[in-house]
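**Student:** Submitted below is the structure of interest, expressed as structure tokens.
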Amino acid sequence: MHPVTRMEIIASSAELEKIVAGLDQSGVPGYTIIRNVVGKSPHGKVTDDLVMSMLDNVHVIAFFPPELTKTAVEAIRPILNKFGGVCYLSDATEIRSLRCVASL
Amino acid sequence: MHPVTRMEIIASSAELEKIVAGLDQSGVPGYTIIRNVVGKSPHGKVTDDLVMSMLDNVHVIAFFPPELTKTAVEAIRPILNKFGGVCYLSDATEIRSLRCVASL
Amino acid sequence: MHPVTRMEIIASSAELEKIVAGLDQSGVPGYTIIRNVVGKSPHGKVTDDLVMSMLDNVHVIAFFPPELTKTAVEAIRPILNKFGGVCYLSDATEIRSLRCVASL
Amino acid sequence: MDTSLVLSNVLTPPILFFFLGMLAVFAKSDLEIPQPIPKLFSLYLLFAIGFKGGVELAKSGVSTAVLLTLSAAIFMSIVVPIYTFFILRLKLDPYNSAAIAATYGSISAVTFITASSFLQELGLTYDGYMVAALALMESPAIVIGLILVKTSSAKTSDREFSWPEVIREACLNSSVFLLVGSLVIGMLTGEHGWKFLSPFTQDMFYGVLTLFLLDMGLVAARRIKDLQKAGVFLITFSILVPILNAAIGLAIAKLIGLSEGDALLFCVLCASASYIAVPAAMRLTVPEANPSLYISTALAVTFPFNIIVGIPLYFYVIRLFW
Amino acid sequence: MDTSLVLSNVLTPPILFFFLGMLAVFAKSDLEIPQPIPKLFSLYLLFAIGFKGGVELAKSGVSTAVLLTLSAAIFMSIVVPIYTFFILRLKLDPYNSAAIAATYGSISAVTFITASSFLQELGLTYDGYMVAALALMESPAIVIGLILVKTSSAKTSDREFSWPEVIREACLNSSVFLLVGSLVIGMLTGEHGWKFLSPFTQDMFYGVLTLFLLDMGLVAARRIKDLQKAGVFLITFSILVPILNAAIGLAIAKLIGLSEGDALLFCVLCASASYIAVPAAMRLTVPEANPSLYISTALAVTFPFNIIVGIPLYFYVIRLFW
Amino acid sequence: MDTSLVLSNVLTPPILFFFLGMLAVFAKSDLEIPQPIPKLFSLYLLFAIGFKGGVELAKSGVSTAVLLTLSAAIFMSIVVPIYTFFILRLKLDPYNSAAIAATYGSISAVTFITASSFLQELGLTYDGYMVAALALMESPAIVIGLILVKTSSAKTSDREFSWPEVIREACLNSSVFLLVGSLVIGMLTGEHGWKFLSPFTQDMFYGVLTLFLLDMGLVAARRIKDLQKAGVFLITFSILVPILNAAIGLAIAKLIGLSEGDALLFCVLCASASYIAVPAAMRLTVPEANPSLYISTALAVTFPFNIIVGIPLYFYVIRLFW
Ligand SMILES: Nc1ncnc2c1ncn2[C@@H]1O[C@H](COP(=O)(O)O)[C@@H](O)[C@H]1O
Ligand SMILES: Nc1ncnc2c1ncn2[C@@H]1O[C@H](COP(=O)(O)O)[C@@H](O)[C@H]1O
Ligand SMILES: Nc1ncnc2c1ncn2[C@@H]1O[C@H](COP(=O)(O)O)[C@@H](O)[C@H]1O
Ligand code: NA
Ligand code: NA
Ligand code: NA
């Protein structure tokens with residue numbers, strides 16, 4: 001039961017590879033990706049009807065210890081600045097105790 | 001890095017058009033829509049196996065300046081009251097600095 | 001407009017049935033399920049390319065009165081401990097007033 | 001009744017795969033056909049049946065027989081929801097009564113298609129304009145249902161329907177639109193279009209129908225536990241009223257002199273209930289009604305009843321009287 | 001111009017279903033074909049057209065005619081974006097000009113496929129290597145577009161393209177990859193593979209194309225309101241430039257002695273604009289350009305223009321001169 | 001070994017598209033076939049192969065040859081996981097050993113289907129009951145795997161399997177259920193059902209298999225880097241054990257007098273490893289095992305080995321001894 005930062009990124013699916021690389025580099029322990037998300041922003045409407053053009057959005061959620069926040073933000077910000085997309089932070093509490101399942 | 005309100009609406013996909021119109025009217029800067037979401041509430045279970053009946057849910061997320069909260073809530077509440085659905089608010093921080101990409 | 005707890009569970013779709021049963025038992029009033037979610041954690045990468053193997057993830061969101069938090073956490077924790085998955089809590093505000101639509 | 005007729009219907013791949021789907025749910029198998037695969041199947045079936053109907057309509061032309069049949073179709077789709085509504089009011093509130101009445105006044109395209117493949121297996125034909133009847137019978141019940149709500153609900157004041165929206169829901173919902181569109185295109189392109197499209201719309205039809213009915217079996221069986229909420233009255237209703245509607249349909253079919261094949265299809269249209277277009281419309285226009293009532297009766301009782309018992313039963317009666 | 005030619009193109013199921021899709025959007029029907037169904041159709045079409053082209057290429061072998069045609073194809077896909085860029089620069093900034101130029105320098109596989117089914121309906125054939133031309137013309141424009149941005153944009157300093165990434169985007173994007181892969185496999189397996197695959201790739205082709213064009217009608221119509229942003233200049237551009245490109249294409253086709261069928265396809269390749277591969281590449285490599293400009297012009301103007309008016313028009317001209 | 005045999009297997013569209021899929025991943029193309037398209041393909045393939053097997057089983061009837069073959073199938077699916085487990089215990093913990101043993105004791109339907117299309121191309125037939133063998137061999141290994149975990153793991157106390165759940169996972173998982181269901185329906189409807197369904201289940205089969213193998217190529221190649229975790233022991237295992245299993249299978253096939261075609265299929269069943277049903281079951285019943293181990297070996301090594309090298313190799317041996 002310790003506090004974590006919840007980072008939420010919404011951006012074009014074309015950027016996903018870069019965003020994931022950025023998160024990996026910044027050392028966040030994990031993330032979850034919801035694909036085929038659509039939306040609207042002052043820059044326009046995003047639909048998924050031309051999926052081969054990678055024009056739909058992805059919604060990426062990452063939880064990490066608060067001390068990683070700065071690194072993670074710095075890894076993501078330039079990507080969003082260049083290619084578009086939004087990022088928000090909020091607070092959450094992790095409740096799962098360490099998983100006791102064997103793994104290689 | 002300024003505080004924003006995070007609004008989360010879950011409702012029947014049949015209502016999506018009205019919800020989006022409500023958000024547009026209330027002046028929120030953007031929103032994201034996750035479709036084909038299922039769930040349960042005291043009013044019953046929602047599945048997506050009859051998609052032509054628009055009986056699955058949508059999950060709409062909108063971030064906006066706290067001062068827009070009242071307007072946005074008032075735009076959404078009557079729709080949910082009439083047709084069903086839930087809406088929750090929480091706090092978040094926007095981290096993206098202004099996007100510097102040219103756009104017409 | 002009263003405070004609620006927002007619980008967010010991300011786990012393998014193979015566990016969904018158990019998680020839902022746990023939530024039902026713990027008395028939470030509702031939940032929403034986003035399927036076909038992928039992700040990464042220290043235990044490895046999860047993709048959805050072999051869907052018949054139920055190897056993609058699900059993202060389950062439940063809002064409930066804060067006093068249910070302990071019960072809900074206790075219902076979910078053993079499942080995640082055994083089969084994997086993560087669970088986070090955060091605070092939110094419910095804004096929908098009671099729905100005034102007739103229902104049997 | 002000739003049991004070989006029931007058997008010859010039941011022992012066909014589409015019906016057996018419907019049972020297989022139901023069995024999967026009862027046996028708790030994890031078999032599922034995720035969206036949008038079933039959507040693809042239903043788009044295909046509407047496209048194929050509409051196109052075929054159009055091509056045949058182009059061949060046969062529009063005669064008085066056609067006009068008579070189409071008038072009868074519209075007549076039934078207006079009358080059925082009205083008398084059904086009053087039956088339902090015996091036990092239910094106006095909202096649910098109107099929604100269920102609309103459901104039974106409209107039609108189920110898959111039931112129609114299953115009946116057409118039943119005819120095909122018996123080597124019988126039907127006329128292309130029956131597809132037009134199918135299209136015409138889908139919408140009126142939605143409008144009638146709303147009028148019933150409006151006239152019978154006390155608090156009329158706060159109900160302002162947006163009538164354009166209602167009409168749009170009724171006449172432009174995706175299944176009516178695709179069906180009518182394919183029909184018209186079939187008429188326009190005729191034999192020439194048929195030559196190019198039939199390997200797709202004709203040869204694969206039976207297979208897609210079979211897979212679609214597998215999914216329908218899954219979907220119907222999942223709704224069976226919703227029937228508890230429906231109660232004995234509604235379950236009885238959802239078997240007896242289709243039979244009643246079918247009987248009236250048969251009488252009319254005889255009266256206007258339809259062929260055996262057309263009579264069966266007309267009768268199946270009267271007997272079937274909508275679980276797609278009408279629920280979608282009711283969800284928005286009569287939100288007070290409980291979707292699990294009108295969906296579960298139409299889908300978990302009336303639909304299986306019609307495709308398993310109803311089609312051969314109605315056909316047996318036709319054989320007696322024609 | 002022979003109106004029967006236009007009619008014989010327009011009155012075919014694929015084109016009529018394209019109209020039906022547009023109509024669905026204008027009439028506000030809720031008809032939609034959700035992902036990944038359209039993706040399935042487009043994978044199928046690329047697979048089928050590529051495979052067929054390969055099988056035919058294996059039969060005909062690689063002659064000088066082939067090499068000449070493929071050189072002409074590459075030539076056009078390099079030259080078109082360059083002169084198009086300077087036309088666009090009259091009104092637009094370098095980013096949008098380069099992105100739109102790349103769009104019009106590349107091709108639309110669906111336009112090509114629609115033209116091939118137009119030929120099929122007229123009983124004309126085309127050579128397998130035209131599919132190779134299709135594949136070859138998709139990518140170069142992407143690279144040219146980037147070079148144009150690089151050379152014309154002031155702040156060159158902070159633009160370091162990752163050239164390997166650009167080449168990968170250009171040459172290995174899914175549509176080029178699947179098309180070329182299917183072509184090569186068609187060449188390798190020849191008649192033997194054809195015997196086993198043709199019931200799938202040949203017989204269903206026309207039907208899948210028809211359903212896909214229904215979806216394209218929906219997609220194109222949804223973009224029409226984006227055209228307001230585009231303005232009169234761009235809308236005029238997106239009709240006149242395809243005609244110009246088609247004219248140049250025809251001249252070259254005549255020069256190198258293509259057959260009627262091949263000439264039509266070559267001309268359609270020159271006239272069509274990419275709304276799949278190029279937008280995907282531009283989104284990442286020229287993020288400054290506004291996607292709604294290059295997509296809406298290619299998709300909501302040029303694509304419908306080509307499949308409805310362009311194909312019969314270009315064919316009419318071919319008939320005059322061949 | 002006859003290289004023309006390998007070539008005639010490799011130079012077929014399904015295998016070449018499998019390579020194309022792998023190439024797409026290695027070349028970092030963005031080609032992908034998003035869900036649920038592959039799910040649609042696999043539902044179709046199970047439906048079609050099951051139905052065809054059932055129709056043929058209805059024709060041939062149930063003889064001692066059938067019973068003998070099915071007994072042999074069950075025997076192998078019980079024995080293989082047991083001896084495989086002890087091989088794996090040389091290096092791995094009981095959990096991973098049991099999960100991998102179950103994987104290799106079960107079967108891969110796609111490998112079977114690929115082998116059946118290999119036979120088809122050679123003009124050879126196989127008996128319908130081989131599909132029943134396919135269905136019967138999928139489940140037992142899951143149960144054996146769990147028994148192995150239970151008997152060998154120290155902390156037995158806190159492991160209470162819910163056996164009904166395990167049996168349900170094993171026998172009612174979607175692929176077994178659909179396969180057996182289609183087989184039974186094929187038997188029930190026989191020639192009559194075949195007449196109506198075969199344009200769908202027969203004519204499109206090869207094409208769907210080809211597209212599905214394209215996807216399998218993508219999926220398999222994505223797992224290749226997981227093999228690093230697997231290590232040399234497991235990689236060697238996942239080539240040698242299939243060969244061992246195939247050899248035993250061949251000996252049994254000879255013993256019970258199977259035809260050439262049936263022997264190849266039986267042998268392929270023994271040699272193949274499950275990457276669908278078993279992983280789904282293991283995920284829940286042996287959560288301690290690492291999914292990337294049992295999936296990557298079965299999918300990225302054994303599956304490609306079998307369809308590329310194994311099938312012609314086993315067939316070569318059959319030709320020697322039959
Ligand atoms: N205020 C917002 N709230 C929720 N989602 C947003 C918001 N702004 C942008 N988005 C999402 O982020 C995507 C990319 O944003 P942009 O790059 O600003 O166009 C949009 O298509 C929306 O899906
Ligand atoms: N407490 C809750 N937590 C999460 N999701 C909920 C909750 N209540 C309702 N929902 C979602 O909102 C949808 C519509 O709710 P309702 O209109 O109350 O039936 C449900 O189908 C759920 O997906
Ligand atoms: N820190 C995290 N942030 C967001 N999602 C996570 C995180 N850790 C795990 N997940 C998600 O939870 C799934 C299961 O986690 P695990 O059981 O730990 O492998 C992963 O596949 C991710 O989708
Ligand atoms: Na009816
Ligand atoms: Na072009
Ligand atoms: Na095996």
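Just remember, in the structure tokens the first chain shown is A, the second B, etc., residues are 1-based per chain, and ligands are 1-based in the order shown.
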Considering only C-alpha atoms, extract the chain F residues located within 8 Å of chain A and return them as a list in words.

**Tutor:**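 Per the criterion, chain F yields Pro287, Glu288, Ala289 and Asn290 of chain F.
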
**Student:** Output N, CA, C and O atoms for every residue in the selection just made, as a PDB file, in the first residue's frame.

**Tutor:**
```pdb
ATOM      1  N   PRO F 287      -0.082 -21.459 -12.682  1.00  0.00           N
ATOM      2  CA  PRO F 287       0.381 -20.080 -12.851  1.00  0.00           C
ATOM      3  C   PRO F 287       1.853 -19.901 -12.529  1.00  0.00           C
ATOM      4  O   PRO F 287       2.449 -18.904 -12.927  1.00  0.00           O
ATOM      5  N   GLU F 288       2.448 -20.886 -11.839  1.00  0.00           N
ATOM      6  CA  GLU F 288       3.871 -20.771 -11.507  1.00  0.00           C
ATOM      7  C   GLU F 288       4.748 -20.929 -12.746  1.00  0.00           C
ATOM      8  O   GLU F 288       5.895 -20.494 -12.750  1.00  0.00           O
ATOM      9  N   ALA F 289       4.254 -21.583 -13.765  1.00  0.00           N
ATOM     10  CA  ALA F 289       5.062 -21.784 -14.973  1.00  0.00           C
ATOM     11  C   ALA F 289       5.098 -20.488 -15.778  1.00  0.00           C
ATOM     12  O   ALA F 289       4.180 -19.681 -15.720  1.00  0.00           O
ATOM     13  N   ASN F 290       6.162 -20.317 -16.492  1.00  0.00           N
ATOM     14  CA  ASN F 290       6.369 -19.100 -17.262  1.00  0.00           C
ATOM     15  C   ASN F 290       5.789 -19.264 -18.676  1.00  0.00           C
ATOM     16  O   ASN F 290       6.339 -20.004 -19.490  1.00  0.00           O
TER      17      ASN F 290
END
```

**Student:** Using only C-alpha atoms, which chain D residues lie at most 10 Å away from chain F, written as a PyMOL selection string?

**Tutor:** chain D and resi 8+10-17+19-21+23-24+27-38+117+120-121+199-200+202-211+214

**Student:** Next, the residues of the selection above should be written as a short mmCIF file (atom, residue, chain, number, x, y, z; two decimals), in the first residue's frame with N, CA and C atoms.

**Tutor:**
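Okay, this is what ended up in selection_6.cif:
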```
data_model
loop_
_atom_site.label_atom_id
_atom_site.label_comp_id
_atom_site.auth_asym_id
_atom_site.auth_seq_id
_atom_site.Cartn_x
_atom_site.Cartn_y
_atom_site.Cartn_z
N SER D 8 -36.29 -32.63 -40.93
CA SER D 8 -35.54 -32.13 -42.09
C SER D 8 -35.16 -30.66 -41.87
N VAL D 10 -34.60 -29.49 -38.56
CA VAL D 10 -33.66 -29.50 -37.43
C VAL D 10 -32.32 -30.09 -37.83
N LEU D 11 -32.35 -31.11 -38.67
CA LEU D 11 -31.10 -31.77 -39.03
C LEU D 11 -30.36 -31.07 -40.16
N THR D 12 -30.35 -29.76 -40.15
CA THR D 12 -29.57 -29.03 -41.13
C THR D 12 -28.47 -28.30 -40.38
N PRO D 13 -27.34 -28.05 -41.04
CA PRO D 13 -26.24 -27.40 -40.34
C PRO D 13 -26.63 -26.10 -39.63
N PRO D 14 -27.39 -25.18 -40.25
CA PRO D 14 -27.65 -23.94 -39.52
C PRO D 14 -28.33 -24.18 -38.17
N ILE D 15 -29.37 -25.01 -38.16
CA ILE D 15 -30.09 -25.24 -36.91
C ILE D 15 -29.23 -26.00 -35.92
N LEU D 16 -28.49 -26.98 -36.40
CA LEU D 16 -27.64 -27.74 -35.49
C LEU D 16 -26.55 -26.86 -34.90
N PHE D 17 -26.01 -25.96 -35.68
CA PHE D 17 -25.00 -25.07 -35.11
C PHE D 17 -25.62 -24.07 -34.13
N PHE D 19 -28.00 -24.97 -32.09
CA PHE D 19 -28.00 -25.78 -30.86
C PHE D 19 -26.60 -25.85 -30.26
N LEU D 20 -25.61 -26.01 -31.12
CA LEU D 20 -24.23 -26.12 -30.61
C LEU D 20 -23.85 -24.86 -29.83
N GLY D 21 -24.27 -23.71 -30.35
CA GLY D 21 -24.00 -22.46 -29.64
C GLY D 21 -24.66 -22.43 -28.28
N LEU D 23 -25.56 -25.00 -26.53
CA LEU D 23 -24.89 -26.01 -25.72
C LEU D 23 -23.59 -25.45 -25.13
N ALA D 24 -22.87 -24.68 -25.93
CA ALA D 24 -21.59 -24.13 -25.45
C ALA D 24 -21.82 -23.28 -24.21
N ALA D 27 -22.91 -25.65 -21.24
CA ALA D 27 -21.80 -26.48 -20.77
C ALA D 27 -20.64 -25.64 -20.25
N LYS D 28 -20.81 -24.33 -20.28
CA LYS D 28 -19.78 -23.40 -19.83
C LYS D 28 -18.47 -23.53 -20.62
N SER D 29 -18.58 -23.86 -21.91
CA SER D 29 -17.40 -23.80 -22.77
C SER D 29 -17.04 -22.32 -22.95
N ASP D 30 -15.77 -22.05 -23.23
CA ASP D 30 -15.39 -20.64 -23.44
C ASP D 30 -15.51 -20.23 -24.90
N LEU D 31 -16.22 -21.02 -25.70
CA LEU D 31 -16.41 -20.65 -27.11
C LEU D 31 -17.10 -19.30 -27.21
N GLU D 32 -16.51 -18.40 -27.95
CA GLU D 32 -17.19 -17.13 -28.21
C GLU D 32 -16.74 -16.61 -29.58
N ILE D 33 -17.61 -15.81 -30.18
CA ILE D 33 -17.28 -15.22 -31.48
C ILE D 33 -17.27 -13.72 -31.23
N PRO D 34 -16.07 -13.18 -31.02
CA PRO D 34 -16.00 -11.78 -30.57
C PRO D 34 -16.43 -10.81 -31.66
N GLN D 35 -16.94 -9.67 -31.24
CA GLN D 35 -17.22 -8.58 -32.16
C GLN D 35 -15.93 -8.13 -32.80
N PRO D 36 -15.95 -7.63 -34.02
CA PRO D 36 -17.11 -7.46 -34.89
C PRO D 36 -17.33 -8.62 -35.86
N ILE D 37 -16.92 -9.85 -35.53
CA ILE D 37 -17.15 -10.96 -36.45
C ILE D 37 -18.65 -11.17 -36.70
N PRO D 38 -19.47 -11.24 -35.65
CA PRO D 38 -20.90 -11.39 -35.93
C PRO D 38 -21.48 -10.22 -36.72
N SER D 117 -33.67 -20.42 -46.34
CA SER D 117 -32.78 -21.54 -46.61
C SER D 117 -33.51 -22.86 -46.38
N GLN D 120 -35.08 -23.36 -49.66
CA GLN D 120 -34.06 -23.76 -50.62
C GLN D 120 -33.76 -25.26 -50.49
N GLU D 121 -33.72 -25.75 -49.25
CA GLU D 121 -33.43 -27.17 -49.06
C GLU D 121 -34.57 -28.05 -49.55
N PRO D 199 -20.93 -15.41 -56.98
CA PRO D 199 -20.01 -16.33 -56.30
C PRO D 199 -19.81 -15.92 -54.83
N PHE D 200 -19.96 -14.66 -54.57
CA PHE D 200 -19.80 -14.17 -53.19
C PHE D 200 -21.12 -14.22 -52.44
N GLN D 202 -24.03 -15.67 -53.20
CA GLN D 202 -24.84 -16.89 -53.27
C GLN D 202 -24.10 -18.08 -52.68
N ASP D 203 -22.88 -18.33 -53.16
CA ASP D 203 -22.21 -19.57 -52.80
C ASP D 203 -21.82 -19.63 -51.33
N MET D 204 -21.48 -18.50 -50.76
CA MET D 204 -21.04 -18.51 -49.38
C MET D 204 -22.19 -18.31 -48.40
N PHE D 205 -23.37 -18.04 -48.93
CA PHE D 205 -24.48 -17.64 -48.09
C PHE D 205 -24.79 -18.66 -46.99
N TYR D 206 -24.91 -19.89 -47.40
CA TYR D 206 -25.31 -20.94 -46.47
C TYR D 206 -24.27 -21.12 -45.35
N GLY D 207 -23.02 -21.04 -45.73
CA GLY D 207 -21.95 -21.18 -44.74
C GLY D 207 -21.94 -20.04 -43.74
N VAL D 208 -22.09 -18.82 -44.23
CA VAL D 208 -22.09 -17.68 -43.32
C VAL D 208 -23.32 -17.75 -42.41
N LEU D 209 -24.46 -18.13 -42.98
CA LEU D 209 -25.65 -18.28 -42.15
C LEU D 209 -25.40 -19.30 -41.04
N THR D 210 -24.74 -20.39 -41.38
CA THR D 210 -24.46 -21.42 -40.38
C THR D 210 -23.60 -20.87 -39.25
N LEU D 211 -22.53 -20.17 -39.60
CA LEU D 211 -21.67 -19.61 -38.55
C LEU D 211 -22.42 -18.55 -37.75
N LEU D 214 -24.55 -20.15 -35.25
CA LEU D 214 -23.75 -20.59 -34.10
C LEU D 214 -23.63 -19.44 -33.10
#
```

**Student:** Within 7 Å of ligand 5 (counting only C-alpha atoms and all ligand atoms), which residues show up? I'd like them as a ChimeraX atom specification.

**Tutor:** /E:77,104-107,269-273

**Student:** Would you save the residues from that selection as a PDB file, in the first residue's frame, using N, CA, C and O atoms?

**Tutor:**
```
ATOM      1  N   SER E  77       6.314   8.427 -60.429  1.00  0.00           N
ATOM      2  CA  SER E  77       6.155   8.592 -58.985  1.00  0.00           C
ATOM      3  C   SER E  77       7.229   9.497 -58.406  1.00  0.00           C
ATOM      4  O   SER E  77       7.146   9.930 -57.268  1.00  0.00           O
ATOM      5  N   TYR E 104      -0.196  12.815 -53.690  1.00  0.00           N
ATOM      6  CA  TYR E 104      -0.604  12.708 -55.094  1.00  0.00           C
ATOM      7  C   TYR E 104       0.450  12.024 -55.958  1.00  0.00           C
ATOM      8  O   TYR E 104       0.148  11.547 -57.045  1.00  0.00           O
ATOM      9  N   GLY E 105       1.669  11.965 -55.485  1.00  0.00           N
ATOM     10  CA  GLY E 105       2.694  11.225 -56.200  1.00  0.00           C
ATOM     11  C   GLY E 105       2.550   9.726 -55.999  1.00  0.00           C
ATOM     12  O   GLY E 105       2.926   8.932 -56.860  1.00  0.00           O
ATOM     13  N   SER E 106       2.000   9.357 -54.869  1.00  0.00           N
ATOM     14  CA  SER E 106       1.795   7.941 -54.604  1.00  0.00           C
ATOM     15  C   SER E 106       0.466   7.500 -55.220  1.00  0.00           C
ATOM     16  O   SER E 106      -0.137   8.235 -56.003  1.00  0.00           O
ATOM     17  N   ILE E 107      -0.002   6.321 -54.899  1.00  0.00           N
ATOM     18  CA  ILE E 107      -1.165   5.774 -55.594  1.00  0.00           C
ATOM     19  C   ILE E 107      -2.213   5.250 -54.615  1.00  0.00           C
ATOM     20  O   ILE E 107      -1.972   5.115 -53.422  1.00  0.00           O
ATOM     21  N   LEU E 269      -3.126   4.924 -62.054  1.00  0.00           N
ATOM     22  CA  LEU E 269      -2.076   5.011 -61.043  1.00  0.00           C
ATOM     23  C   LEU E 269      -1.562   6.438 -60.952  1.00  0.00           C
ATOM     24  O   LEU E 269      -1.365   6.981 -59.856  1.00  0.00           O
ATOM     25  N   CYS E 270      -1.303   7.044 -62.087  1.00  0.00           N
ATOM     26  CA  CYS E 270      -0.802   8.417 -62.085  1.00  0.00           C
ATOM     27  C   CYS E 270      -1.823   9.369 -61.476  1.00  0.00           C
ATOM     28  O   CYS E 270      -1.477  10.288 -60.737  1.00  0.00           O
ATOM     29  N   ALA E 271      -3.088   9.145 -61.780  1.00  0.00           N
ATOM     30  CA  ALA E 271      -4.130  10.071 -61.354  1.00  0.00           C
ATOM     31  C   ALA E 271      -4.528   9.910 -59.898  1.00  0.00           C
ATOM     32  O   ALA E 271      -5.078  10.831 -59.295  1.00  0.00           O
ATOM     33  N   SER E 272      -4.275   8.754 -59.316  1.00  0.00           N
ATOM     34  CA  SER E 272      -4.803   8.508 -57.972  1.00  0.00           C
ATOM     35  C   SER E 272      -3.864   9.042 -56.903  1.00  0.00           C
ATOM     36  O   SER E 272      -2.698   9.319 -57.140  1.00  0.00           O
ATOM     37  N   ALA E 273      -4.408   9.227 -55.725  1.00  0.00           N
ATOM     38  CA  ALA E 273      -3.628   9.750 -54.607  1.00  0.00           C
ATOM     39  C   ALA E 273      -3.761   8.802 -53.427  1.00  0.00           C
ATOM     40  O   ALA E 273      -4.800   8.183 -53.223  1.00  0.00           O
TER      41      ALA E 273
END
```

**Student:** With a cut-off of 10 Å and counting only C-alpha atoms, select all residues of chain C in contact with chain A and give the selection as a ChimeraX atom specification.

**Tutor:** /C:6-11,34-47,57-59,73-74,76-78,80-91

**Student:** Got time to write the residues from that selection, C-alpha atoms, as a PDB file, in the first residue's frame?

**Tutor:**
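Output file selection_14.pdb is given in full below:
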```pdb
ATOM      1  CA  ARG C   6     -11.751   4.298  -7.872  1.00  0.00           C
ATOM      2  CA  MET C   7     -10.253   0.821  -8.165  1.00  0.00           C
ATOM      3  CA  GLU C   8      -8.371  -0.129 -11.283  1.00  0.00           C
ATOM      4  CA  ILE C   9      -7.319  -3.714 -11.941  1.00  0.00           C
ATOM      5  CA  ILE C  10      -5.182  -4.848 -14.870  1.00  0.00           C
ATOM      6  CA  ALA C  11      -4.747  -8.566 -15.234  1.00  0.00           C
ATOM      7  CA  ILE C  34     -12.099  -2.793 -21.122  1.00  0.00           C
ATOM      8  CA  ARG C  35     -10.901  -5.860 -22.996  1.00  0.00           C
ATOM      9  CA  ASN C  36      -8.064  -6.497 -25.466  1.00  0.00           C
ATOM     10  CA  VAL C  37      -5.627  -4.419 -23.528  1.00  0.00           C
ATOM     11  CA  VAL C  38      -1.926  -5.149 -23.760  1.00  0.00           C
ATOM     12  CA  GLY C  39       1.006  -4.148 -21.645  1.00  0.00           C
ATOM     13  CA  LYS C  40       4.270  -4.828 -19.994  1.00  0.00           C
ATOM     14  CA  SER C  41       5.439  -5.469 -16.475  1.00  0.00           C
ATOM     15  CA  PRO C  42       8.558  -6.874 -14.864  1.00  0.00           C
ATOM     16  CA  HIS C  43       6.987 -10.299 -15.522  1.00  0.00           C
ATOM     17  CA  GLY C  44       7.033  -9.778 -19.255  1.00  0.00           C
ATOM     18  CA  LYS C  45       5.219  -8.392 -22.230  1.00  0.00           C
ATOM     19  CA  VAL C  46       1.593  -9.167 -22.967  1.00  0.00           C
ATOM     20  CA  THR C  47       0.239  -9.098 -26.507  1.00  0.00           C
ATOM     21  CA  ASN C  57      -5.153  -8.311 -20.534  1.00  0.00           C
ATOM     22  CA  VAL C  58      -8.321  -6.746 -19.233  1.00  0.00           C
ATOM     23  CA  HIS C  59      -8.658  -3.402 -17.512  1.00  0.00           C
ATOM     24  CA  VAL C  73      -9.226  -5.158  -1.865  1.00  0.00           C
ATOM     25  CA  GLU C  74      -9.415  -8.344   0.128  1.00  0.00           C
ATOM     26  CA  ILE C  76      -9.116  -9.119  -5.324  1.00  0.00           C
ATOM     27  CA  ARG C  77      -5.716  -9.438  -3.705  1.00  0.00           C
ATOM     28  CA  PRO C  78      -5.532 -13.265  -3.473  1.00  0.00           C
ATOM     29  CA  LEU C  80      -3.802 -11.241  -8.271  1.00  0.00           C
ATOM     30  CA  ASN C  81      -1.293 -12.817  -5.917  1.00  0.00           C
ATOM     31  CA  LYS C  82      -1.941 -16.224  -7.386  1.00  0.00           C
ATOM     32  CA  PHE C  83      -2.379 -15.452 -11.069  1.00  0.00           C
ATOM     33  CA  GLY C  84      -0.699 -12.085 -11.518  1.00  0.00           C
ATOM     34  CA  GLY C  85      -2.021  -8.626 -12.267  1.00  0.00           C
ATOM     35  CA  VAL C  86      -1.992  -5.224 -10.617  1.00  0.00           C
ATOM     36  CA  CYS C  87      -4.492  -3.127  -8.685  1.00  0.00           C
ATOM     37  CA  TYR C  88      -4.446   0.573  -7.867  1.00  0.00           C
ATOM     38  CA  LEU C  89      -6.756   2.843  -5.909  1.00  0.00           C
ATOM     39  CA  SER C  90      -7.433   6.537  -6.250  1.00  0.00           C
ATOM     40  CA  ASP C  91     -10.020   9.079  -5.130  1.00  0.00           C
TER      41      ASP C  91
END
```
